[in-house]
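Engineer: This is the structure I want to talk about, given as structure tokens.
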Amino acid sequence: MTSPDLVLVGSYDYLLVGLSVLIAILASYAIRIRRGISELEVAKRELQRKATFVELLQIVAVAANETTSAEAALKFTIDRICEHTGWPVGHVYSSSQEKKTELISSKIWHLENAAQFETFRQVTERTPLAIGAGLPGRIAESGKPAWIPDINRDPNFLRRKVALDLGVKGAFGFPVLAQAEVVAVLEFFSSNIQEPDQELLTVMSNVGAQLGQVVERRRAEEALREAEARHRLLVEQLPAVLYVAEPGAEGEWLYVSPQIESMLGFSPAEWVADPRLWFRQVHPEDRGVVLAEEKASQERGEAFHCEYRMLARDGSIVWINDAAALVTDAPSGCPLLHGVLFDISERKRAKQELARKVEELGRSNAEVEQFARMASHDLQEPLRMVASYIQLLAQRYKGKLDAEADEFIGFAVDGACRMQQLIQDLVSYSRLTTRGKALNLTRAEVACNSAIENLQESVEESNAQVSVGTLPEVFADARQLTQLFQNLIGNAIKFRNERRPEICVAARPNGNEWIFSVQDNGIGIEPQYFERIFQMFQRLHTRQEYSGTGIGLAVCRKIVERHGGRIWVESQPGKGSTFLFTIPQTEGVEK
Ligand code: ADP
């Protein structure tokens, strides 16, 4: 039989075994719980890290949207990334606008310790990178983020020496992509060797895309602002007034550019505020014309164009050239004039001045001609008397007085003859316009041949050879054309040298005119006199050398100009001269 103690002892043993099993089970649970807790901790930290990244992404997105420039958005982003990652250096490279194959360092930096990284900053800012070169170049080439755990072990890191000197070790960067194009690269540096953090790189890719949109938007805004500024500058610098207004005497003025103030003395605000101001300032005498043109342009459905006078604020008169297009599909629904006002007062004044001068010239020409007519009549009469009496004196007393008296009489006869010639030349010059005949179809060859006939005496005397090519029919005053040829051929004979004069008259077409030429082999003319010889009384020789009054070529010029042409000379001293003149091929050119 077993004692109860023994039974009891046996039950304790079981209890102990049970307890120790329980404890073991509990211990294993505790280990698992502890492990669970630490796993939970890791997960929690991981979650926190991810939350931090998401938060970073959000901050960047919100703030980037609020910044006014792309530069400010980039600066804000690198500051936040450095704050979140604890990396001490952040920097931006931008793609070169000119050279698409290059990255240029921007001046956008995050430097935890500016003094420490000063040399690195300077070297970086001096170093443009080719696409593919260095960390930023690689990122720009691939369009993807990149990570360098240890700069020392990376063969493609161009600024390695200075970076290592400063204790820079790890680096990563990512691109800013705008429409799949890398517009910038953000790079970050750490003082420790850092293993790649895929999570960070993924988040940064997203930040890069966000920033890309911002950069694109800001650039578009900047371009718009620049275009607007350019446009405003253009409008403000233009020496004219631009406007948008409703048509009619009381039409609203929606816009007028600032030059209205300098043009008429009213500010743009005054102008726009009072729809009647414009018409009130139109000169009363011109109002009818302006309204009629407005109406006509509306009916035609075409541009409005009118020149009229306006009264400036100070009462002065300003001539305006107003040109406007009628825009019928304006947003407001009612047609609008988009126009420009030019101040043409100066032009008008110049035109009036010109008209006045022309009138004055006409008057003085008429006076000169009248004088010449009178001179021809009034002077010729007494001169004829003086000349004939002196000639009488010469006939009767030659050889009867002393030799000196004979000489004096000779001088007097010569002087009187020259004066007669001068007066005759002057008279014929002044009659070129007043007695000129209408321009009719004339055979130039006939005119030329009659000129040669008139010169028969001197042709024979000089044994000149005059050849005339085929000459055209032209609209001319036949008598004047003959005189023109006569003067030119006469000169060609007169200004000969020891050679036998060879004169050649020809004509050739040139566009819508004929060029006539009279060529000789005479003494020629120095180039400095080419212009002068066509002026009245301009001669290059004394009367003893060659006779003449110096009017012949002035007559030629006047005849040619009356026929709507030009005259000039080409010559080589000692070899000969060619006088050329043009006559238009068309009718009705008389001047
Ligand atoms: P004039 O023959 O009465 O002197 P012109 O007006 O006909 O006056 O000519 C002006 C000057 O031009 C002449 O004095 C002469 O010096 C020069 N000249 C004109 N024709 C010729 C020519 N064919 N060859 C050389 N010189 C010429």
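All residue names refer to the structure tokens as shown: chains lettered A, B, ... in order, residues numbered from 1 in each chain, ligands numbered from 1 in order.
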Could you list the protein, DNA and RNA residues that have any atom within 8 Å of ligand 1, counting only C-alpha atoms and all ligand atoms, and write them as a ChimeraX atom specification?
Structural biologist: /A:487-496,519-520,522-525,533-541,546-555,576-579
Engineer: Name the residues of segment 253-383 of chain A that fall into strand (DSSP E or B) according to DSSP on the backbone, using the chain letters and numbers of this document, as a ChimeraX atom specification.
Structural biologist: /A:253-256,282,304-311,317-327,336-343
Engineer: Fewer than 5 positions away in the same chain doesn't count, so skip those; otherwise give me all residues within 12 Å of segment 244-252 of chain A, counting only C-alpha atoms, as a count of residues only.
Structural biologist: 44
Engineer: Provide the atom CA of Thr52 of chain A to atom CA of Gln116 of chain A distance in Å, to one decimal place.
Structural biologist: 28.5 Å
Engineer: Identify, on the basis of only C-alpha atoms, every residue whose closest approach to Gly86 of chain A does not exceed 12 Å; exclude the query and any residue fewer than 6 positions from it along the same chain; express the result as a list in words.
Structural biologist: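 With the cut-off at 12 Å, the set is Ile78, Asp79, Arg80, His110, Leu111, Glu112, Phe188, Phe189, Ser190, Ser191, Asn192 and Gln194 of chain A.
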Engineer: What's the 10 Å shell around Val474 of chain A, counting only C-alpha atoms, without same-chain residues fewer than 6 positions away, as an mmCIF file with C-alpha atoms, in the first residue's frame?
Structural biologist:
```
data_model
loop_
_atom_site.group_PDB
_atom_site.id
_atom_site.type_symbol
_atom_site.label_atom_id
_atom_site.label_comp_id
_atom_site.auth_asym_id
_atom_site.auth_seq_id
_atom_site.Cartn_x
_atom_site.Cartn_y
_atom_site.Cartn_z
ATOM 1 C CA LEU A 439 6.848 117.095 -127.958
ATOM 2 C CA ASN A 440 5.921 115.085 -131.035
ATOM 3 C CA LEU A 441 7.195 111.898 -132.554
ATOM 4 C CA THR A 442 10.378 113.101 -134.228
ATOM 5 C CA ARG A 443 13.027 111.302 -136.275
ATOM 6 C CA ALA A 444 16.274 111.961 -134.422
ATOM 7 C CA LEU A 481 16.654 118.358 -130.830
ATOM 8 C CA GLU A 513 14.906 105.139 -122.562
ATOM 9 C CA TRP A 514 17.327 105.805 -125.406
ATOM 10 C CA HIS A 563 12.493 116.154 -122.631
ATOM 11 C CA ILE A 583 15.387 110.572 -123.936
ATOM 12 C CA PRO A 584 12.542 108.435 -122.552
ATOM 13 C CA GLN A 585 10.940 106.020 -124.986
ATOM 14 C CA THR A 586 7.451 106.915 -123.793
ATOM 15 C CA GLU A 587 5.291 109.895 -124.597
#
```
Engineer: Between atom CA of Ile148 of chain A and atom CA of Gln198 of chain A, what distance in Å does the model show, to one decimal?
Structural biologist: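 Here the two named atoms are 12.4 Å from each other.
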Engineer: Skip Gln391 of chain A itself and residues of its chain fewer than 5 positions away, then list as JSON, numbers by chain all residues within 9 Å of it, counting only C-alpha atoms.
Structural biologist: {"A": [386, 396, 409, 410, 412, 413]}
Engineer: Expressed in Å to a single decimal, how great is the separation between atom CA of Val203 of chain A and atom CA of Glu221 of chain A?
Structural biologist: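 Result for atom CA of Val203 of chain A versus atom CA of Glu221 of chain A: 26.9 Å, one decimal.
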